[in-house]
Structure formats: C-alpha cells, structure tokens
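Colleague: Sharing a structure with you now.
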Amino acid sequence: MPAEPPPAAAAALPASRPWRRIAHAVLALLVLNAALSFSTWWPTPGIVLDHRIAPEFVWLWLLLLGWVAWRGSLGARALTVFTLGYLALVIGRYADVTVPALFGRSINLYWDGIQIPRFLWVSAQDLPWWLSAGTVLAVALGLWLLFRALKLAMRVAAREAVPYALARRWVWGVSAALVVLMLANYAGVRATWPVVSKPVIPVYWRQAQLLAAAFSPQRLAEVLPGRTAVDDALAAQPAGRRLATLGGRDVYVIMLESYGAVVHDNPRAAKALAAARARFAADLAAGGYHVVSAFMRSPTFAGASDLAHLSILTGIDVADWMRHDVLLTTQRPSLVSLFREEGYRTFGIYPALSWEWPERTFYGFDVFLEGRTLGYRGPALGYWLIPDQYTAARFEQLHPRDAAAPPRFVFFPTITTHLPFSPVPPFQPDWQRVLTAQPFDAAEAERALAEKPNWLDMFADYVRMIDYAYRWLGDHLRRPAPRETVYVLAGDHQPAANVTGEGASWDVPVHVIARDPALLARFVEQGFHPGLEPPRASLGGLHQLTAVLLRAFGAGALETKQDNGSTGANGAAAAERAGGAAAAERLGGAAAAERLGGAKGLPSAKGGVSGTNGANGANGANGNHGANAGPVGRAAVGVQP
C-alpha cells in the first residue's frame with residue numbers, strides 16, 4: 001500500500017525554483033501588511049507606505065495558519081470571503097488616516113455619512129456629467145483592482161508561505177511574539193507605536209457603538225440637557241422684558257463660514273490680513289460702530305457647520321450629529337422662538353441651500369430664504385455659486401427696513417468662504433450693480449472664473465477669501481443703516497487642516513458690533529475685549545455664547561455666576577481682562593460708556609496683528625489628532641498614528 005502524501009499544511013515550499021517562490025511569498029505578505037499600515041500623505045488624500053506591522057495583518061496570518069491546518073488549503077469561496085473582509089479593513093484604514101488630514105478630526109460614520117454625500121453632490125453640480133461619471137468609474141475600477149491585488153496576495157500567502165510556516169516551529173515562535181506585541185498595542189502601550197500601526201478593528205467597533213447609540217431610544221433620551229440658557233431667559237423675565245437692553249434694535253447673527261482662530265494664531269495669516277483687518281476697523285468706525293471680540297470654541301472642525309449654528313441658536317453643545325438629529329425632533333426653545341415671543345420678525349438666510357431642507361421646520365423662521373429664492377443672475381462663482389455680498393444686498397432689497405416694520409432677528413450663515421476657498425469673488429463697490437445680471441466688470445469676472453482650487457495648499461486662497469469677507473462686511477456696515485442694529489459675527493469652525501496645520505485649536509473669533517458703548521460694556525463684563533483682536537484665552541464653547549447674548553440683551557444687572565463651565569468671568573476678573581480700571585468696579589451705565597470710549601471715543605475697531613499664542617495648543621480634541629469618541633463629546637489628544 002503506497003504511503004499517503006503529506007497534507008498540504010505540512011508541506012514545505014517545493015524544491016523547484018525555491019528562491020523565486022520564497023520571493024513571491026514574502027512579497028505577498030508585504031503587500032497584505034502594507035495595505036493596512038500605510039499613513040496619510042498629509043494634507044492630501046494620498047497615502048505613503050509605512051514600515052510598521054498592521055495588527056489586522058497578524059490576525060489574518062493566524063487565521064490563514066488555522067484554516068490551512070484545518071482544511072488543507074484555502075478554497076475559492078473562502079478566499080473571496082477573506083479578501084472582502086480584508087478590503088473592508090483597508091477602506092476603514094484609509095478613512096481613519098485621511099479624514100484627520102483633510103478635516104482635522106477623526107472619522108465619524110454617523111456624521112460623515114450625512115456630510116460627504118452632500119458635499120460630493122454639491123461638487124458634482126459644478127462639473128460636466130462626463131467628468132462626474134468618469135470619476136465614479138475610476139473609483140469603482142480602483143476598488144476592483146485593489147480587490148484583485150489583495151486576492152492574489154492572499155492566494156500566494158496561503159499557498160506558499162502558510163505551508164512553509166506550519167512545518168517549522170521557529171515560525172510559530174515568531175507568530176506568538178507578534179501576538180504579544182499586538183495585544184500590548186491594543187492595551188495602549190506607547191512603546192509599541194514605532195513598530196505597530198494603529199489598529200483598524202477598534203475604529204469599526206467605535207462606529208458600531210455610535211450607530212447603536214444613535215438608534216437606541218433609551219440612549220437618545222439621555223443626550224440633551226434638561227435646561228438651557230434660553231429656558232432660563234424665558235423663565236427669568238416676563239414677556240417684553242427678556243430683551244429690554246436691546247431697546248428694539250435689530251439683531252443680525254452672521255455665521256462666517258470657516259472663519260477660525262488661524263487668522264490670528266498663524267503668523268503668516270495674521271501678517272497677510274493685517275491691512276484687511278485695519279481696513280475693516282476703519283469701515284466700522286466710519287459707520288459709527290464699536291466692536292468687542294473674544295475667542296470661543298466651536299463644536300466642530302473644518303466642516304459640519306450645522307453643529308455650530310444649532311449650538312448658538314439653542315445654547316446646547318451640539319458636538320455631534322446624533323445630538324443634532326435628536327434635537328431636531330424636539331420642540332426645544334431657541335433664540336429664534338425667544339426673539340419671536342419678544343415681538344421680533346425672524347429671518348433665516350441660507351444661500352448655500354439649493355434643495356429642500358426639512359430641518360428648517362425646527363428652526364421656525366418667519367421668513368426663510370435659500371439659494372433658489374435669492375434670484376442670483378450673475379456668474380456662478382465656484383462650488384457655492386452666490387457671493388455673500390450679493391446675498392446681503394439681496395436680502396435688504398427683498399425685505400427693506402423702515403420705522404414701521406417690527407424689529408428683526410436675522411440668522412445668516414455665509415458660504416463664500418467655504419472650502420475650497422477659490423475662486424474669490426470680485427468685490428463690487430456699487431451695491432446696486434451687484435444685484436444685476438452683470439455684477440462685475442468682464443475682466444474681473446473672467447479672472448475669477450479662471451481660478452482653480454489648489455487642493456494641495458489652500459492657505460493662500462483662504463487668506464484671500466477672508467480678505468474678501470472683511471471687505472464686503474466693512475463696506476456694508478459703513479453704509480447708512482435705516483435702523484439701529486447689533487451685529488454678532490461668529491466663525492462657525494476652523495478651516496481644514498490643510499490651512500491650519502496640525503494640532504490647531506477649535507477656537508473661532510466672535511465679534512459684537514454696535515453703536516452703543518453701554519451695550520457693548522455688558523459683553524466686556526463677560527470677558528470680551530474692545531477691538532477686533534480678541535484675547536487668546538477662549539471664553540468657552542459656542543453654545544455658551546447664547547447665554548452671553550441673553551445676559552447682555554436682557555433686563556437688569558448682569559449676574560456674576562459662571563455659565564455652565566465658561567471660562568469667561570464677570571466683575572473684577574472681566575474688568576482686568578478687558579484692560580479696564582484696576583479696581584473690581586462693575587461696568588455699567590455711564591462708567592461703562594466711558595470705559596468703552598463714550599464721549600472719548602472707543603478705541604474699539606483697532607486693527608493690527610495678534611501674536612501666535614496657541615496655534616498648536618491642545619484645546620479639547622484638536623487638530624489632526626482629533627477625536628474619535630462617543631456620540632457626545634470629543635476624546636483627548638494623543639491618538640496613535
């Protein structure tokens with residue numbers, strides 16, 4: 001009876017051309033490891049190979065050893081299943097390393113599942129159909145080629161490397177050592193980071209936990225706080241007194257897209273924008289305005305502006321999409337509803353929207369304007385089509401102000417300064433002409449339309465776009481106003497990490513502009529500083545700005561209690577930070593007016609260049625190290641690359 005051949009699991013590499021087959025086996029293993037250990041080519045969507053060992057590659061190796069030892073070989077069906085699972089891990093790795101590079105935060109499947117398709121759809125509107133179709137085909141082809149490459153590498157590894165390993169004890173020893181190393185990495189041992197790449201399976205596990213929480217009724221009931229600053233304002237004063245200090249002035253809250261602390265923190269940006277800021281200050285002074293400023297922390301970074309908008313309007317820290325979506329299902333009060341109860345007519349201006357937006361039901365604006373209702377007839381400038389200058393002019397044309405009209409609360413999220421920050425619209429000094437079908441000179445329009453986004457380095461275009469924002473805003477405010485108005489200018493978030501660099505804070509500038517120094521003194525008392533240059537310490541989250549506004553606009557003296565952890569103080573500390581009198585005298589009345597300038601004139605709209613204090617500071621979950629964490633809140637800095 002002939003002897004049975006040894007099983008494939010025990011067979012070594014065939015003797016014929018051994019070095020060639022060894023080379024194939026080693027190459028296959030290197031390809032499989034590289035597919036899960038690569039790093040980002042910061043700050044682009046590209047990747048660079050990494051020498052470290054991928055934990056999931058080690059688990060694949062052990063799985064292949066066990067499968068071949070059990071079944072003798074890796075069949076076609078098992079090979080396909082293994083490859084599809086590995087491909088999913090590769091996609092997860094790509095998202096985990098590129099999202100922080102592009103957006104300064106970690107991936108959030110609940111969040112990005114909403115934003116990325118919307119952004120791609122908007123981007124596709126500016127491209128010819130064949131280019132969009134070609135892009136989709138190229139992505140599909142790339143995924144297919146990647147699948148084929150992984151499948152080939154896995155087949156070679158199972159056929160050549162695994163049988164060789166099963167026949168040699170020293171390979172089992174090396175495999176066991178790798179398992180110990182991987183477990184130490186999972187346990188967070190930093191000493192493993194130079195040799196072990198960040199694992200992918202925990203990324204998927206976190207996303208699964210987030211999605212499970214998002215669809216759990218019990219968890220959703222725990223998401224929102226019991227009371228907010230808006231609730232407190234409604235309860236503290238009777239109707240008609242909640243905005244008594246405003247005295248019926250109009251209030252415009254203008255959310256400046258991508259207007260982040262980088263314009264002050266980054267020395268290059270601060271220097272490049274010094275003249276623009278000085279011009280803006282001069283425009284405010286020419287319009288009779290004073291300004292106070294502060295930094296506050298946005299709940300988002302590089303995108304998802306809705307989170308910042310809703311945080312300010314409700315006084316709730318809307319730090320992620322789950323809380324955002326839960327909030328939209330409620331009837332919680334907001335600045336919009338409070339101003340309406342106080343006799344204001346409320347307006348929402350959203351030039352970026354060109355589709356139905358069911359969420360606006362929650363906001364409850366009396367008048368809602370979006371891109372299609374603004375009637376823009378000029379050239380389509382970039383991805384967002386409508387220049388902010390036109391939107392501001394068109395709104396005043398559609399809804400002119402006069403003495404007989406009720407006071408108005410306007411919420412205006414701008415869009416022109418959105419990524420990719422190009423092309424920069426020409427500024428039109430003639431505000432009537434900007435409303436026509438030919439808002440710009442032909443040469444200016446042609447030059448702007450010829451600009452293309454620089455996806456590899458957006459810094460220069462970002463600076464030019466902020467210069468444009470300062471220019472149109474300043475010119476708008478220096479024009480005669482039909483009624484007294486208070487303007488609140490707040491950045492919604494920092495621009496992408498392509499502009500800010502690594503480790504940037506999540507802070508944004510906030511400016512309050514008015515002609516009444518006594519009103520602005522109520523902001524100084526809460527930590528704001530006269531002028532366009534805010535003190536570098538943040539006053540807290542953007543959701544805390546809601547309480548600051550309501551305290552300043554409400555009746556009576558300001559309370560001295562802190563608001564939900566805000567770092568902004570009142571009384572003596574605020575007076576000291578604001579650069580006022582040495583004593584702890586509370587600001588108010590004539591003293592406030594004098595402190596802010598009063599008859600002496602406010603030194604308010606002072607331009608200039610701020611220092612570079614904290615551009616790389618750790619402020620919550622910041623920069624590329626970003627956060628990953630749960631449905632609410634952000635994780636600490638120090639995430640394994």
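We name chains A, B, ... following the order of the structure tokens; residues begin at 1 in each chain, and ligands are numbered from 1 as shown.
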Which residues are close to stretch 470-473 of chain A, i.e. within 7 Å by only C-alpha atoms, leaving aside same-chain residues fewer than 3 positions away? Reply as an NGL selection string.
Modeller: :A and (276-277 or 280 or 389 or 427 or 466-467 or 476-477)
Colleague: I want to know what sits within 8 Å of A:Tyr468, based on only C-alpha atoms, with residues of the same chain fewer than 5 positions away left out; could you give that as a PDB file with N, CA, C and O atoms, in the first residue's frame?
Modeller:
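Listed below is the output, around.pdb:
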```
ATOM      1  N   VAL A 424     -12.137  83.418  -5.620  1.00  0.00           N
ATOM      2  CA  VAL A 424     -12.521  84.526  -4.759  1.00  0.00           C
ATOM      3  C   VAL A 424     -13.339  85.517  -5.577  1.00  0.00           C
ATOM      4  O   VAL A 424     -12.874  86.001  -6.606  1.00  0.00           O
ATOM      5  N   PRO A 425     -14.573  85.826  -5.168  1.00  0.00           N
ATOM      6  CA  PRO A 425     -15.392  86.761  -5.953  1.00  0.00           C
ATOM      7  C   PRO A 425     -14.782  88.164  -5.954  1.00  0.00           C
ATOM      8  O   PRO A 425     -14.174  88.588  -4.963  1.00  0.00           O
ATOM      9  N   PRO A 426     -14.940  88.897  -7.027  1.00  0.00           N
ATOM     10  CA  PRO A 426     -14.530  90.303  -7.002  1.00  0.00           C
ATOM     11  C   PRO A 426     -15.441  91.092  -6.055  1.00  0.00           C
ATOM     12  O   PRO A 426     -16.626  90.785  -5.916  1.00  0.00           O
ATOM     13  N   PHE A 427     -14.882  92.075  -5.376  1.00  0.00           N
ATOM     14  CA  PHE A 427     -15.710  92.959  -4.559  1.00  0.00           C
ATOM     15  C   PHE A 427     -16.271  94.059  -5.446  1.00  0.00           C
ATOM     16  O   PHE A 427     -15.551  94.656  -6.254  1.00  0.00           O
TER      17      PHE A 427
END
```
Colleague: So that I can check the surroundings of A:Leu335, please list as a ChimeraX atom specification every protein, DNA and RNA residue that reaches within 8 Å of it, counting only C-alpha atoms and ignoring chain neighbours fewer than 5 positions away.
Modeller: /A:230,313-314,546
Colleague: Once DSSP has gone over the backbone, tell me which residues of stretch 335-527 of chain A are in strand (DSSP E), as a PyMOL selection string.
Modeller: chain A and resi 345-350+367-370+408-413+485-491+507-514
Colleague: Find the spatial neighbours of stretch 168-178 of chain A, counting only C-alpha atoms, within a cut-off of 9 Å - ignore same-chain residues fewer than 6 positions away - and output them as a list in words.
Modeller: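 Neighbouring residues, sequence-local ones excluded: Ala12, Pro55, Val58, Trp61 and Leu62 of chain A.
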Colleague: What's around stretch 72-85 of chain A at 12 Å? Count only C-alpha atoms, leave out sequence neighbours fewer than 6 positions away in its own chain, and write the answer as a PyMOL selection string.
Modeller: chain A and resi 6-11+32+35+56-57+59-61+63-66+91-92+143-144+146-163+166+201
Colleague: For those residues, write N, CA and C atoms to a file as a compact mmCIF listing (two decimals), in the first residue's frame.
Modeller:
```txt
# COMPACT_ATOMS: atom_id res chain seq x y z
N PRO A 6 2.03 13.72 2.27
CA PRO A 6 1.77 14.58 3.43
C PRO A 6 0.74 15.63 3.08
N PRO A 7 -0.07 16.03 4.06
CA PRO A 7 -1.07 17.07 3.79
C PRO A 7 -0.40 18.37 3.40
N ALA A 8 -1.19 19.20 2.68
CA ALA A 8 -0.63 20.47 2.21
C ALA A 8 -0.17 21.33 3.36
N ALA A 9 -0.84 21.18 4.51
CA ALA A 9 -0.49 22.01 5.65
C ALA A 9 0.92 21.71 6.13
N ALA A 10 1.41 20.50 5.87
CA ALA A 10 2.73 20.14 6.38
C ALA A 10 3.81 20.26 5.33
N ALA A 11 3.44 20.59 4.14
CA ALA A 11 4.40 20.63 3.05
C ALA A 11 5.22 21.90 3.09
N LEU A 32 0.11 42.55 1.81
CA LEU A 32 -1.01 42.46 2.74
C LEU A 32 -0.79 43.35 3.97
N ALA A 35 -1.11 47.10 3.04
CA ALA A 35 -2.48 47.53 2.79
C ALA A 35 -3.18 48.02 4.04
N GLU A 56 -4.11 43.89 12.19
CA GLU A 56 -5.05 43.02 11.47
C GLU A 56 -4.34 42.09 10.49
N PHE A 57 -3.16 42.48 10.02
CA PHE A 57 -2.37 41.56 9.19
C PHE A 57 -1.94 40.36 10.01
N TRP A 59 -3.55 39.15 12.60
CA TRP A 59 -4.72 38.29 12.81
C TRP A 59 -5.06 37.51 11.53
N LEU A 60 -4.87 38.12 10.37
CA LEU A 60 -5.09 37.39 9.11
C LEU A 60 -4.11 36.23 9.00
N TRP A 61 -2.85 36.48 9.36
CA TRP A 61 -1.83 35.43 9.29
C TRP A 61 -2.22 34.25 10.17
N LEU A 63 -5.22 33.48 11.14
CA LEU A 63 -6.42 32.87 10.57
C LEU A 63 -6.05 31.96 9.41
N LEU A 64 -5.12 32.40 8.58
CA LEU A 64 -4.69 31.55 7.46
C LEU A 64 -3.98 30.30 7.96
N LEU A 65 -3.15 30.45 8.99
CA LEU A 65 -2.48 29.27 9.56
C LEU A 65 -3.50 28.26 10.06
N GLY A 66 -4.50 28.74 10.80
CA GLY A 66 -5.51 27.84 11.33
C GLY A 66 -6.35 27.20 10.25
N ILE A 91 -10.36 49.86 3.55
CA ILE A 91 -11.16 51.08 3.39
C ILE A 91 -11.26 51.82 4.73
N GLY A 92 -11.45 51.05 5.81
CA GLY A 92 -11.50 51.67 7.13
C GLY A 92 -10.20 52.36 7.49
N LEU A 143 -11.28 50.26 -6.81
CA LEU A 143 -11.66 49.28 -5.79
C LEU A 143 -11.57 47.86 -6.33
N TRP A 144 -11.97 47.68 -7.59
CA TRP A 144 -11.88 46.34 -8.19
C TRP A 144 -10.44 45.88 -8.31
N LEU A 146 -7.94 46.91 -6.49
CA LEU A 146 -7.45 46.65 -5.15
C LEU A 146 -7.91 45.29 -4.66
N PHE A 147 -9.17 44.97 -4.93
CA PHE A 147 -9.69 43.65 -4.54
C PHE A 147 -8.89 42.54 -5.21
N ARG A 148 -8.61 42.70 -6.51
CA ARG A 148 -7.87 41.67 -7.24
C ARG A 148 -6.45 41.52 -6.69
N ALA A 149 -5.82 42.66 -6.35
CA ALA A 149 -4.46 42.60 -5.82
C ALA A 149 -4.43 41.91 -4.45
N LEU A 150 -5.39 42.24 -3.60
CA LEU A 150 -5.45 41.62 -2.29
C LEU A 150 -5.74 40.11 -2.41
N LYS A 151 -6.62 39.77 -3.33
CA LYS A 151 -6.96 38.36 -3.52
C LYS A 151 -5.76 37.56 -4.00
N LEU A 152 -5.00 38.14 -4.93
CA LEU A 152 -3.81 37.46 -5.43
C LEU A 152 -2.78 37.29 -4.31
N ALA A 153 -2.56 38.37 -3.54
CA ALA A 153 -1.58 38.29 -2.46
C ALA A 153 -2.00 37.27 -1.42
N MET A 154 -3.29 37.20 -1.11
CA MET A 154 -3.77 36.25 -0.12
C MET A 154 -3.65 34.81 -0.64
N ARG A 155 -3.91 34.60 -1.93
CA ARG A 155 -3.77 33.26 -2.51
C ARG A 155 -2.32 32.78 -2.44
N VAL A 156 -1.39 33.68 -2.79
CA VAL A 156 0.02 33.31 -2.75
C VAL A 156 0.46 33.03 -1.32
N ALA A 157 0.00 33.88 -0.37
CA ALA A 157 0.38 33.67 1.03
C ALA A 157 -0.14 32.33 1.54
N ALA A 158 -1.39 31.99 1.20
CA ALA A 158 -1.97 30.73 1.67
C ALA A 158 -1.32 29.52 1.00
N ARG A 159 -0.90 29.67 -0.25
CA ARG A 159 -0.35 28.53 -1.00
C ARG A 159 1.13 28.33 -0.74
N GLU A 160 1.87 29.43 -0.55
CA GLU A 160 3.32 29.32 -0.45
C GLU A 160 3.84 29.52 0.98
N ALA A 161 3.41 30.62 1.64
CA ALA A 161 4.00 30.95 2.94
C ALA A 161 3.44 30.11 4.07
N VAL A 162 2.12 29.89 4.06
CA VAL A 162 1.50 29.20 5.19
C VAL A 162 1.97 27.75 5.32
N PRO A 163 2.00 26.93 4.24
CA PRO A 163 2.51 25.57 4.40
C PRO A 163 3.94 25.53 4.92
N LEU A 166 3.82 26.29 8.70
CA LEU A 166 3.27 25.21 9.51
C LEU A 166 4.27 24.10 9.77
N ILE A 201 -9.67 47.53 13.58
CA ILE A 201 -10.88 46.93 14.16
C ILE A 201 -11.50 47.82 15.24
```
Colleague: Identify which of the residues A:Arg479, A:Arg227, A:Arg551, A:His399 lies closest to A:Ile316, counting only C-alpha atoms when measuring atom-to-atom distances.
Modeller: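 For A:Ile316, the nearest of the given residues is A:Arg227.
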Colleague: Just list the residues in stretch 19-92 of chain A DSSP gives helix (DSSP H, G or I) on the backbone, as a ChimeraX atom specification.
Modeller: /A:19-37,55-71,76-92
Colleague: With only C-alpha atoms as the atoms that count, which of A:Asp317, A:Glu370, A:Glu446, A:Glu341 lies nearest to A:Leu353?
Modeller: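 Residue with the minimum atom-to-atom distance to A:Leu353: A:Glu370.
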Colleague: May I have the residues within 12 Å of A:Pro238 as a PDB file with all heavy atoms, in the first residue's frame, using only C-alpha atoms and disregarding those fewer than 6 positions away in the same chain?
Modeller:
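In the end it all went to selection23.pdb:
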```pdb
ATOM      1  N   ASP A 232     -33.708  79.460  30.729  1.00  0.00           N
ATOM      2  CA  ASP A 232     -33.512  80.349  31.868  1.00  0.00           C
ATOM      3  C   ASP A 232     -33.984  81.761  31.557  1.00  0.00           C
ATOM      4  O   ASP A 232     -34.606  82.427  32.396  1.00  0.00           O
ATOM      5  CB  ASP A 232     -32.038  80.370  32.273  1.00  0.00           C
ATOM      6  CG  ASP A 232     -31.573  79.035  32.844  1.00  0.00           C
ATOM      7  OD1 ASP A 232     -32.440  78.255  33.276  1.00  0.00           O
ATOM      8  OD2 ASP A 232     -30.353  78.780  32.833  1.00  0.00           O
ATOM      9  N   ALA A 244     -34.778  93.610  27.075  1.00  0.00           N
ATOM     10  CA  ALA A 244     -35.028  95.019  27.375  1.00  0.00           C
ATOM     11  C   ALA A 244     -33.850  95.914  27.017  1.00  0.00           C
ATOM     12  O   ALA A 244     -34.025  97.044  26.545  1.00  0.00           O
ATOM     13  CB  ALA A 244     -35.374  95.177  28.851  1.00  0.00           C
ATOM     14  N   LEU A 338     -37.442  82.702  21.002  1.00  0.00           N
ATOM     15  CA  LEU A 338     -37.430  83.728  22.041  1.00  0.00           C
ATOM     16  C   LEU A 338     -37.600  85.118  21.437  1.00  0.00           C
ATOM     17  O   LEU A 338     -38.398  85.935  21.930  1.00  0.00           O
ATOM     18  CB  LEU A 338     -36.127  83.641  22.841  1.00  0.00           C
ATOM     19  CG  LEU A 338     -36.009  84.554  24.064  1.00  0.00           C
ATOM     20  CD1 LEU A 338     -35.175  83.894  25.150  1.00  0.00           C
ATOM     21  CD2 LEU A 338     -35.388  85.904  23.710  1.00  0.00           C
ATOM     22  N   GLU A 341     -41.163  85.676  20.417  1.00  0.00           N
ATOM     23  CA  GLU A 341     -42.038  85.978  21.546  1.00  0.00           C
ATOM     24  C   GLU A 341     -41.874  87.417  22.026  1.00  0.00           C
ATOM     25  O   GLU A 341     -42.805  87.985  22.616  1.00  0.00           O
ATOM     26  CB  GLU A 341     -41.759  85.009  22.698  1.00  0.00           C
ATOM     27  CG  GLU A 341     -42.275  83.601  22.457  1.00  0.00           C
ATOM     28  CD  GLU A 341     -42.257  82.770  23.721  1.00  0.00           C
ATOM     29  OE1 GLU A 341     -42.273  83.370  24.823  1.00  0.00           O
ATOM     30  OE2 GLU A 341     -42.225  81.528  23.617  1.00  0.00           O
ATOM     31  N   GLU A 342     -40.702  87.996  21.759  1.00  0.00           N
ATOM     32  CA  GLU A 342     -40.460  89.380  22.175  1.00  0.00           C
ATOM     33  C   GLU A 342     -40.831  90.382  21.089  1.00  0.00           C
ATOM     34  O   GLU A 342     -40.435  91.550  21.154  1.00  0.00           O
ATOM     35  CB  GLU A 342     -38.989  89.548  22.567  1.00  0.00           C
ATOM     36  CG  GLU A 342     -38.590  88.719  23.783  1.00  0.00           C
ATOM     37  CD  GLU A 342     -39.423  89.065  25.018  1.00  0.00           C
ATOM     38  OE1 GLU A 342     -39.342  90.221  25.471  1.00  0.00           O
ATOM     39  OE2 GLU A 342     -40.166  88.181  25.505  1.00  0.00           O
ATOM     40  N   GLY A 554     -30.653  91.172  28.055  1.00  0.00           N
ATOM     41  CA  GLY A 554     -31.753  91.136  28.998  1.00  0.00           C
ATOM     42  C   GLY A 554     -31.807  92.341  29.913  1.00  0.00           C
ATOM     43  O   GLY A 554     -30.936  93.222  29.902  1.00  0.00           O
ATOM     44  N   ALA A 555     -32.858  92.375  30.722  1.00  0.00           N
ATOM     45  CA  ALA A 555     -33.063  93.498  31.637  1.00  0.00           C
ATOM     46  C   ALA A 555     -32.225  93.308  32.887  1.00  0.00           C
ATOM     47  O   ALA A 555     -31.884  92.188  33.269  1.00  0.00           O
ATOM     48  CB  ALA A 555     -34.546  93.606  32.008  1.00  0.00           C
TER      49      ALA A 555
END
```
Colleague: So, counting only C-alpha atoms, which residue among A:Ala23, A:Ala481, A:Ala304, A:Val548 is closest to A:Gly287?
Modeller: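 Nearest to A:Gly287: A:Ala481.
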Colleague: Give me, please, the distance in Å between atom CA of A:Arg206 and atom CA of A:Ser37, quoted to one decimal.
Modeller: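 Computing it gives 19.2 Å between the two atoms.
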Colleague: If we count only C-alpha atoms and set the cut-off at 12 Å, which residues sit around A:Leu398, ignoring sequence neighbours fewer than 3 positions away in its own chain? Please answer as an MDAnalysis selection string.
Modeller: chainID A and resid 347 349 367:369 373:375 390:395 401 435
Colleague: Compare A:Met296, A:Val318, A:Ala460, A:Val203 by their minimum atom-to-atom distance to A:Ser538, counting only C-alpha atoms, and give me the closest one.
Modeller: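 Looking at the shortest contact to A:Ser538, the residue is A:Met296.
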Colleague: For the atom pair atom CA of A:Ala187 and atom CA of A:Gln640, what is the interatomic distance in Å to one decimal place?
Modeller: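 One can read the atom CA of A:Ala187 to atom CA of A:Gln640 distance as 11.9 Å.
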Colleague: Which is closest to A:Ala124 among A:Ala547, A:Gly378, A:Ile312, A:Trp384, if we use only C-alpha atoms?
Modeller: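 Comparing A:Ala547, A:Gly378, A:Ile312, A:Trp384 against A:Ala124, the winner is A:Trp384.
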Colleague: Smallest atom-to-atom distance to A:Ala34: which of A:Ser197, A:Val524, A:Leu145, A:Phe412, using only C-alpha atoms?
Modeller: A:Ser197
Colleague: Counting only C-alpha atoms, what are the residues of stretch 469-557 of chain A within 10 Å of stretch 249-254 of chain A, and for each of them which pair of atoms is the nearest and at what distance in Å, to one decimal? Sort the table by chain and rising number, as CSV.
Modeller:
```
residue,atom,partner,partner_atom,distance
A:Arg483,CA,A:Arg249,CA,7.4
A:Glu484,CA,A:Arg249,CA,5.4
A:Thr485,CA,A:Asp250,CA,4.5
A:Val486,CA,A:Val251,CA,4.8
A:Tyr487,CA,A:Tyr252,CA,4.8
A:Val488,CA,A:Val253,CA,4.7
A:Leu489,CA,A:Ile254,CA,5.0
A:Ala490,CA,A:Ile254,CA,6.4
A:Gly491,CA,A:Ile254,CA,8.5
A:Asp492,CA,A:Ile254,CA,9.6
A:His511,CA,A:Ile254,CA,9.9
A:Val512,CA,A:Val253,CA,9.3
A:Ile513,CA,A:Tyr252,CA,9.8
A:Ala514,CA,A:Val251,CA,9.7
```
Colleague: Store the residues of this selection in a file with N, CA and C atoms, as a PDB file, in the first residue's frame.
Modeller:
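Final file, selection_12.pdb:
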```
ATOM      1  N   ARG A 483     -31.902 101.583  10.522  1.00  0.00           N
ATOM      2  CA  ARG A 483     -32.282 101.433  11.927  1.00  0.00           C
ATOM      3  C   ARG A 483     -31.070 100.974  12.716  1.00  0.00           C
ATOM      4  N   GLU A 484     -31.126 101.193  14.011  1.00  0.00           N
ATOM      5  CA  GLU A 484     -30.047 100.742  14.880  1.00  0.00           C
ATOM      6  C   GLU A 484     -29.996  99.211  14.870  1.00  0.00           C
ATOM      7  N   THR A 485     -28.790  98.677  14.734  1.00  0.00           N
ATOM      8  CA  THR A 485     -28.623  97.232  14.592  1.00  0.00           C
ATOM      9  C   THR A 485     -27.426  96.766  15.399  1.00  0.00           C
ATOM     10  N   VAL A 486     -27.561  95.594  15.999  1.00  0.00           N
ATOM     11  CA  VAL A 486     -26.453  94.918  16.665  1.00  0.00           C
ATOM     12  C   VAL A 486     -26.049  93.729  15.791  1.00  0.00           C
ATOM     13  N   TYR A 487     -24.770  93.671  15.455  1.00  0.00           N
ATOM     14  CA  TYR A 487     -24.254  92.581  14.621  1.00  0.00           C
ATOM     15  C   TYR A 487     -23.399  91.653  15.475  1.00  0.00           C
ATOM     16  N   VAL A 488     -23.672  90.369  15.375  1.00  0.00           N
ATOM     17  CA  VAL A 488     -22.851  89.348  16.021  1.00  0.00           C
ATOM     18  C   VAL A 488     -22.202  88.537  14.905  1.00  0.00           C
ATOM     19  N   LEU A 489     -20.885  88.666  14.762  1.00  0.00           N
ATOM     20  CA  LEU A 489     -20.146  87.922  13.748  1.00  0.00           C
ATOM     21  C   LEU A 489     -19.399  86.794  14.447  1.00  0.00           C
ATOM     22  N   ALA A 490     -19.677  85.566  14.067  1.00  0.00           N
ATOM     23  CA  ALA A 490     -19.038  84.416  14.712  1.00  0.00           C
ATOM     24  C   ALA A 490     -18.558  83.438  13.659  1.00  0.00           C
ATOM     25  N   GLY A 491     -17.331  82.972  13.787  1.00  0.00           N
ATOM     26  CA  GLY A 491     -16.880  81.880  12.937  1.00  0.00           C
ATOM     27  C   GLY A 491     -17.617  80.605  13.296  1.00  0.00           C
ATOM     28  N   ASP A 492     -17.902  79.786  12.306  1.00  0.00           N
ATOM     29  CA  ASP A 492     -18.578  78.522  12.621  1.00  0.00           C
ATOM     30  C   ASP A 492     -17.584  77.425  12.981  1.00  0.00           C
ATOM     31  N   HIS A 511     -17.185  88.533  17.165  1.00  0.00           N
ATOM     32  CA  HIS A 511     -17.196  89.991  17.268  1.00  0.00           C
ATOM     33  C   HIS A 511     -18.635  90.459  17.471  1.00  0.00           C
ATOM     34  N   VAL A 512     -18.832  91.369  18.414  1.00  0.00           N
ATOM     35  CA  VAL A 512     -20.136  92.006  18.605  1.00  0.00           C
ATOM     36  C   VAL A 512     -19.962  93.478  18.249  1.00  0.00           C
ATOM     37  N   ILE A 513     -20.804  93.954  17.336  1.00  0.00           N
ATOM     38  CA  ILE A 513     -20.654  95.297  16.755  1.00  0.00           C
ATOM     39  C   ILE A 513     -21.936  96.083  17.003  1.00  0.00           C
ATOM     40  N   ALA A 514     -21.799  97.263  17.549  1.00  0.00           N
ATOM     41  CA  ALA A 514     -22.961  98.119  17.823  1.00  0.00           C
ATOM     42  C   ALA A 514     -22.488  99.558  17.947  1.00  0.00           C
TER      43      ALA A 514
END
```
